[in-house]
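Shown next, in structure tokens, is the structure this report addresses.
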Amino acid sequence: MNDSSIPNIPKVYPQLEAKCKEIGFTMPSDIYIGTLLKSLIASKLKGNVLELGTGIGLSLAWMIEGLDEHSNLISIDNDSELIGIAKEFFSYDPRIQLICTDGSTWINKYSGPAFDLIFADAWPGKYSELDETLQLLKVGGFYVIDDMNPQPSWPDGHAEKAENLVEYLKSREDFTMTKMNWSTGVILCTKKINMI
């Protein structure tokens, strides 16, 4: 998975990859999305960041590298085993809050400050509770999703869901959208002031 052309891979990354193999985790994030998230987060001083879908923490490792010392990151997953592994690697960092809960419930109950970046790598925030998630983003904030190119693991009907999601994001006049045929298929949206 590692690519020698990618600079500054997080020190913990090889350990996380080894843990993936050890537990048979088959849905790791692509390394390239990690580099993008790091760069975007680095543009947000004193940033407030949300990750929906911690997984084993591969993307989280990159995201943390982009945080400044005054930033905060909340990462959510409904799998207690995966959150437990992520805590082994990241609980030392007071900027990071790892929460094991249902993403849909959390999105609907959240009442804290808006986010500078949301990486939606789970069903909630991407295919459900989308409007509620986009509402949590500051003007100028980034909404990032990946796995938008057809994947062999997609069940029947998922391609249509992905197409509908793309069309909906394109229709939002309060967001700019860039669809990239890169990594696993990345969409980057930036929230703007809706002038209408």
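The way I read the labels, and the way they are meant: chains A, B, ... in the order of the structure tokens, residue 1 as the first residue of every chain, and ligand 1 as the first ligand shown, with later ones counted on from there.
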
Checklist entry - Near Asp102 of chain A, within 10 Å and counting only C-alpha atoms, which residues show up once chain neighbours fewer than 4 positions away are dropped, as a ChimeraX atom specification? => result /A:52,76-79,106-107,124

Tell me which protein, DNA and RNA residues are within 12 Å of Ile31 of chain A, counting only C-alpha atoms, leaving out same-chain ones fewer than 4 positions away, and put them as a short mmCIF file (atom, residue, chain, number, x, y, z; two decimals) with C-alpha atoms, in the first residue's frame.
data_model
loop_
_atom_site.label_atom_id
_atom_site.label_comp_id
_atom_site.auth_asym_id
_atom_site.auth_seq_id
_atom_site.Cartn_x
_atom_site.Cartn_y
_atom_site.Cartn_z
CA MET A 1 0.00 0.00 0.00
CA ASN A 2 2.88 2.36 0.73
CA ASP A 3 4.34 4.33 -2.16
CA SER A 4 7.93 5.53 -1.90
CA SER A 5 7.01 8.63 -3.92
CA ILE A 6 4.71 9.85 -1.12
CA PRO A 7 6.61 12.08 1.31
CA ASN A 8 6.24 12.26 5.07
CA ILE A 9 4.15 9.15 5.63
CA PRO A 10 2.97 9.22 9.27
CA TYR A 13 1.13 4.26 9.33
CA PRO A 14 3.10 0.99 8.85
CA LEU A 16 -1.70 0.51 11.27
CA GLU A 17 -1.21 -1.38 7.99
CA THR A 35 -2.34 13.04 1.75
CA LEU A 36 -5.18 15.22 0.43
CA LEU A 37 -6.86 15.43 3.84
CA LYS A 38 -3.59 16.40 5.49
CA GLY A 57 -7.32 4.95 11.67
CA LEU A 58 -5.31 5.11 8.43
CA SER A 59 -6.89 8.35 7.21
CA LEU A 60 -6.95 9.65 10.77
CA ALA A 61 -3.16 9.29 10.95
CA TRP A 62 -2.82 11.66 7.99
CA MET A 63 -5.47 14.06 9.26
CA ASP A 146 -14.01 9.07 -1.53
CA TRP A 182 -8.10 10.08 -8.72
CA SER A 183 -7.38 7.75 -5.84
CA THR A 184 -10.66 5.82 -5.40
#

Fill in: Expected answer as number ranges by chain: helix (DSSP H, G or I) residues in segment 62-193 of chain A
A: 62-66, 80-90, 103-109, 130-135, 158-171

Those residues with N, CA and C atoms, as a CSV table (one decimal), in the first residue's frame please?
chain,number,residue,atom,x,y,z
A,62,TRP,N,-3.2,10.5,8.9
A,62,TRP,CA,-2.8,11.7,8.0
A,62,TRP,C,-3.5,13.0,8.5
A,63,MET,N,-4.7,12.9,8.8
A,63,MET,CA,-5.5,14.1,9.3
A,63,MET,C,-4.8,14.7,10.5
A,64,ILE,N,-4.4,13.9,11.4
A,64,ILE,CA,-3.7,14.4,12.6
A,64,ILE,C,-2.4,15.2,12.2
A,65,GLU,N,-1.7,14.7,11.2
A,65,GLU,CA,-0.5,15.4,10.7
A,65,GLU,C,-0.8,16.8,10.2
A,66,GLY,N,-2.0,17.0,9.7
A,66,GLY,CA,-2.3,18.3,9.2
A,66,GLY,C,-2.8,19.3,10.3
A,80,SER,N,-16.8,-1.0,17.9
A,80,SER,CA,-16.0,-0.8,19.1
A,80,SER,C,-14.6,-1.4,19.0
A,81,GLU,N,-14.5,-2.5,18.2
A,81,GLU,CA,-13.1,-3.0,18.1
A,81,GLU,C,-12.2,-2.1,17.3
A,82,LEU,N,-12.7,-1.5,16.3
A,82,LEU,CA,-11.9,-0.5,15.5
A,82,LEU,C,-11.6,0.7,16.3
A,83,ILE,N,-12.6,1.3,17.0
A,83,ILE,CA,-12.3,2.4,17.8
A,83,ILE,C,-11.3,2.1,18.9
A,84,GLY,N,-11.4,0.9,19.5
A,84,GLY,CA,-10.4,0.4,20.5
A,84,GLY,C,-9.0,0.4,19.9
A,85,ILE,N,-8.8,0.0,18.7
A,85,ILE,CA,-7.5,0.0,18.0
A,85,ILE,C,-7.0,1.4,17.8
A,86,ALA,N,-7.9,2.2,17.3
A,86,ALA,CA,-7.6,3.6,17.1
A,86,ALA,C,-7.1,4.3,18.4
A,87,LYS,N,-7.8,4.0,19.5
A,87,LYS,CA,-7.4,4.6,20.7
A,87,LYS,C,-6.0,4.2,21.2
A,88,GLU,N,-5.7,2.9,20.8
A,88,GLU,CA,-4.3,2.4,21.2
A,88,GLU,C,-3.3,3.3,20.5
A,89,PHE,N,-3.6,3.8,19.4
A,89,PHE,CA,-2.6,4.6,18.6
A,89,PHE,C,-2.7,6.1,18.8
A,90,PHE,N,-3.9,6.6,19.1
A,90,PHE,CA,-4.1,8.1,19.1
A,90,PHE,C,-4.6,8.7,20.4
A,103,GLY,N,-23.4,6.7,13.8
A,103,GLY,CA,-23.1,8.0,13.1
A,103,GLY,C,-24.4,8.8,12.9
A,104,SER,N,-25.4,8.2,12.5
A,104,SER,CA,-26.7,8.9,12.2
A,104,SER,C,-27.2,9.6,13.5
A,105,THR,N,-27.2,8.9,14.6
A,105,THR,CA,-27.7,9.4,15.8
A,105,THR,C,-26.8,10.6,16.2
A,106,TRP,N,-25.5,10.4,16.1
A,106,TRP,CA,-24.5,11.5,16.5
A,106,TRP,C,-24.8,12.8,15.7
A,107,ILE,N,-24.9,12.6,14.4
A,107,ILE,CA,-25.1,13.8,13.5
A,107,ILE,C,-26.4,14.5,13.9
A,108,ASN,N,-27.4,13.8,14.2
A,108,ASN,CA,-28.7,14.5,14.5
A,108,ASN,C,-28.7,15.1,15.9
A,109,LYS,N,-27.8,14.6,16.8
A,109,LYS,CA,-27.8,15.2,18.1
A,109,LYS,C,-26.7,16.3,18.3
A,130,LEU,N,-27.3,13.4,4.9
A,130,LEU,CA,-26.4,14.3,4.1
A,130,LEU,C,-26.7,15.8,4.4
A,131,ASP,N,-27.9,16.2,4.3
A,131,ASP,CA,-28.2,17.6,4.5
A,131,ASP,C,-27.9,18.0,5.9
A,132,GLU,N,-28.1,17.2,6.9
A,132,GLU,CA,-27.8,17.5,8.3
A,132,GLU,C,-26.3,17.6,8.4
A,133,THR,N,-25.5,16.8,7.7
A,133,THR,CA,-24.1,16.8,7.8
A,133,THR,C,-23.5,18.1,7.1
A,134,LEU,N,-24.0,18.5,6.0
A,134,LEU,CA,-23.6,19.7,5.3
A,134,LEU,C,-23.9,20.9,6.1
A,135,GLN,N,-25.0,20.9,6.9
A,135,GLN,CA,-25.3,22.0,7.7
A,135,GLN,C,-24.3,22.2,8.8
A,158,HIS,N,-25.7,0.0,-5.8
A,158,HIS,CA,-24.9,1.0,-5.2
A,158,HIS,C,-24.5,2.0,-6.2
A,159,ALA,N,-24.2,1.6,-7.4
A,159,ALA,CA,-23.7,2.6,-8.5
A,159,ALA,C,-24.8,3.7,-8.7
A,160,GLU,N,-26.0,3.3,-8.7
A,160,GLU,CA,-27.1,4.3,-8.8
A,160,GLU,C,-27.1,5.2,-7.6
A,161,LYS,N,-26.9,4.7,-6.4
A,161,LYS,CA,-26.9,5.6,-5.2
A,161,LYS,C,-25.7,6.6,-5.4
A,162,ALA,N,-24.6,6.1,-5.8
A,162,ALA,CA,-23.4,7.0,-6.0
A,162,ALA,C,-23.7,8.1,-7.0
A,163,GLU,N,-24.3,7.7,-8.1
A,163,GLU,CA,-24.7,8.7,-9.2
A,163,GLU,C,-25.6,9.7,-8.6
A,164,ASN,N,-26.6,9.3,-7.9
A,164,ASN,CA,-27.6,10.2,-7.3
A,164,ASN,C,-27.0,11.2,-6.3
A,165,LEU,N,-26.0,10.7,-5.6
A,165,LEU,CA,-25.3,11.5,-4.6
A,165,LEU,C,-24.5,12.6,-5.4
A,166,VAL,N,-23.8,12.2,-6.4
A,166,VAL,CA,-23.1,13.2,-7.2
A,166,VAL,C,-24.0,14.2,-7.8
A,167,GLU,N,-25.1,13.8,-8.4
A,167,GLU,CA,-26.0,14.8,-9.0
A,167,GLU,C,-26.6,15.7,-7.9
A,168,TYR,N,-26.9,15.2,-6.7
A,168,TYR,CA,-27.4,16.1,-5.7
A,168,TYR,C,-26.4,17.1,-5.3
A,169,LEU,N,-25.1,16.7,-5.1
A,169,LEU,CA,-24.1,17.6,-4.7
A,169,LEU,C,-23.9,18.7,-5.7
A,170,LYS,N,-23.9,18.3,-7.0
A,170,LYS,CA,-23.8,19.2,-8.1
A,170,LYS,C,-24.9,20.3,-8.1
A,171,SER,N,-26.1,19.9,-7.6
A,171,SER,CA,-27.3,20.8,-7.6
A,171,SER,C,-27.2,21.8,-6.5

How close does each residue of segment 63-120 of chain A get to segment 40-43 of chain A, giving the shortest atom pair and distance in Å to one decimal for every residue with an atom at most 12 Å away, counting only C-alpha atoms, sorted by chain and residue number, as JSON lines?
{"residue": "A:Met63", "atom": "CA", "partner": "A:Ile41", "partner_atom": "CA", "distance": 6.8}
{"residue": "A:Ile64", "atom": "CA", "partner": "A:Ile41", "partner_atom": "CA", "distance": 8.6}
{"residue": "A:Glu65", "atom": "CA", "partner": "A:Ala42", "partner_atom": "CA", "distance": 8.2}
{"residue": "A:Gly66", "atom": "CA", "partner": "A:Ala42", "partner_atom": "CA", "distance": 4.5}
{"residue": "A:Leu67", "atom": "CA", "partner": "A:Ala42", "partner_atom": "CA", "distance": 5.9}
{"residue": "A:Asp68", "atom": "CA", "partner": "A:Ala42", "partner_atom": "CA", "distance": 7.2}
{"residue": "A:Glu69", "atom": "CA", "partner": "A:Ala42", "partner_atom": "CA", "distance": 10.9}
{"residue": "A:His70", "atom": "CA", "partner": "A:Ala42", "partner_atom": "CA", "distance": 11.7}
{"residue": "A:Ser71", "atom": "CA", "partner": "A:Ile41", "partner_atom": "CA", "distance": 9.4}
{"residue": "A:Asn72", "atom": "CA", "partner": "A:Ile41", "partner_atom": "CA", "distance": 10.6}
{"residue": "A:Leu73", "atom": "CA", "partner": "A:Ile41", "partner_atom": "CA", "distance": 10.1}
{"residue": "A:Phe115", "atom": "CA", "partner": "A:Ile41", "partner_atom": "CA", "distance": 11.0}
{"residue": "A:Asp116", "atom": "CA", "partner": "A:Ile41", "partner_atom": "CA", "distance": 8.1}
{"residue": "A:Leu117", "atom": "CA", "partner": "A:Ile41", "partner_atom": "CA", "distance": 7.0}
{"residue": "A:Ile118", "atom": "CA", "partner": "A:Ile41", "partner_atom": "CA", "distance": 9.9}
{"residue": "A:Phe119", "atom": "CA", "partner": "A:Ile41", "partner_atom": "CA", "distance": 10.5}

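The residue that comes closest to Leu137 of chain A, out of A:Thr190, A:Ser75, A:Ser111, A:Ser29 and on the basis of only C-alpha atoms, is A:Thr190.
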
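The smallest atom-to-atom distance between Ser91 of chain A and any of A:Cys189, A:Met180, A:Ile74, A:Met148, using only C-alpha atoms, is found for A:Ile74.
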
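One finds atom CA of Ala114 of chain A at 11.2 Å from atom CA of Gly140 of chain A.
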
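Among the candidate residues A:Glu129, A:Asp156, A:Asp121, A:Asp174, the one lying nearest to Gly53 of chain A is A:Asp121, with distances computed using only C-alpha atoms.
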
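Between atom CA of Gly24 of chain A and atom CA of Gly185 of chain A lies a distance of 23.8 Å.
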
As a check of understanding: the span from atom CA of Lys11 of chain A to atom CA of Lys126 of chain A is 29.5 Å

**Request:** Per DSSP on the backbone, filter segment 14-185 of chain A down to the residues in strand (DSSP E) and report them as number ranges by chain.
**Result:** A: 48-52, 72-77, 96-100, 115-120, 137-145, 175-180

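Among A:Gly112, A:Leu188, A:Asp93, A:Asn48, the residue with the shortest atom-to-atom distance to Ile145 of chain A, counting only C-alpha atoms, is A:Leu188.
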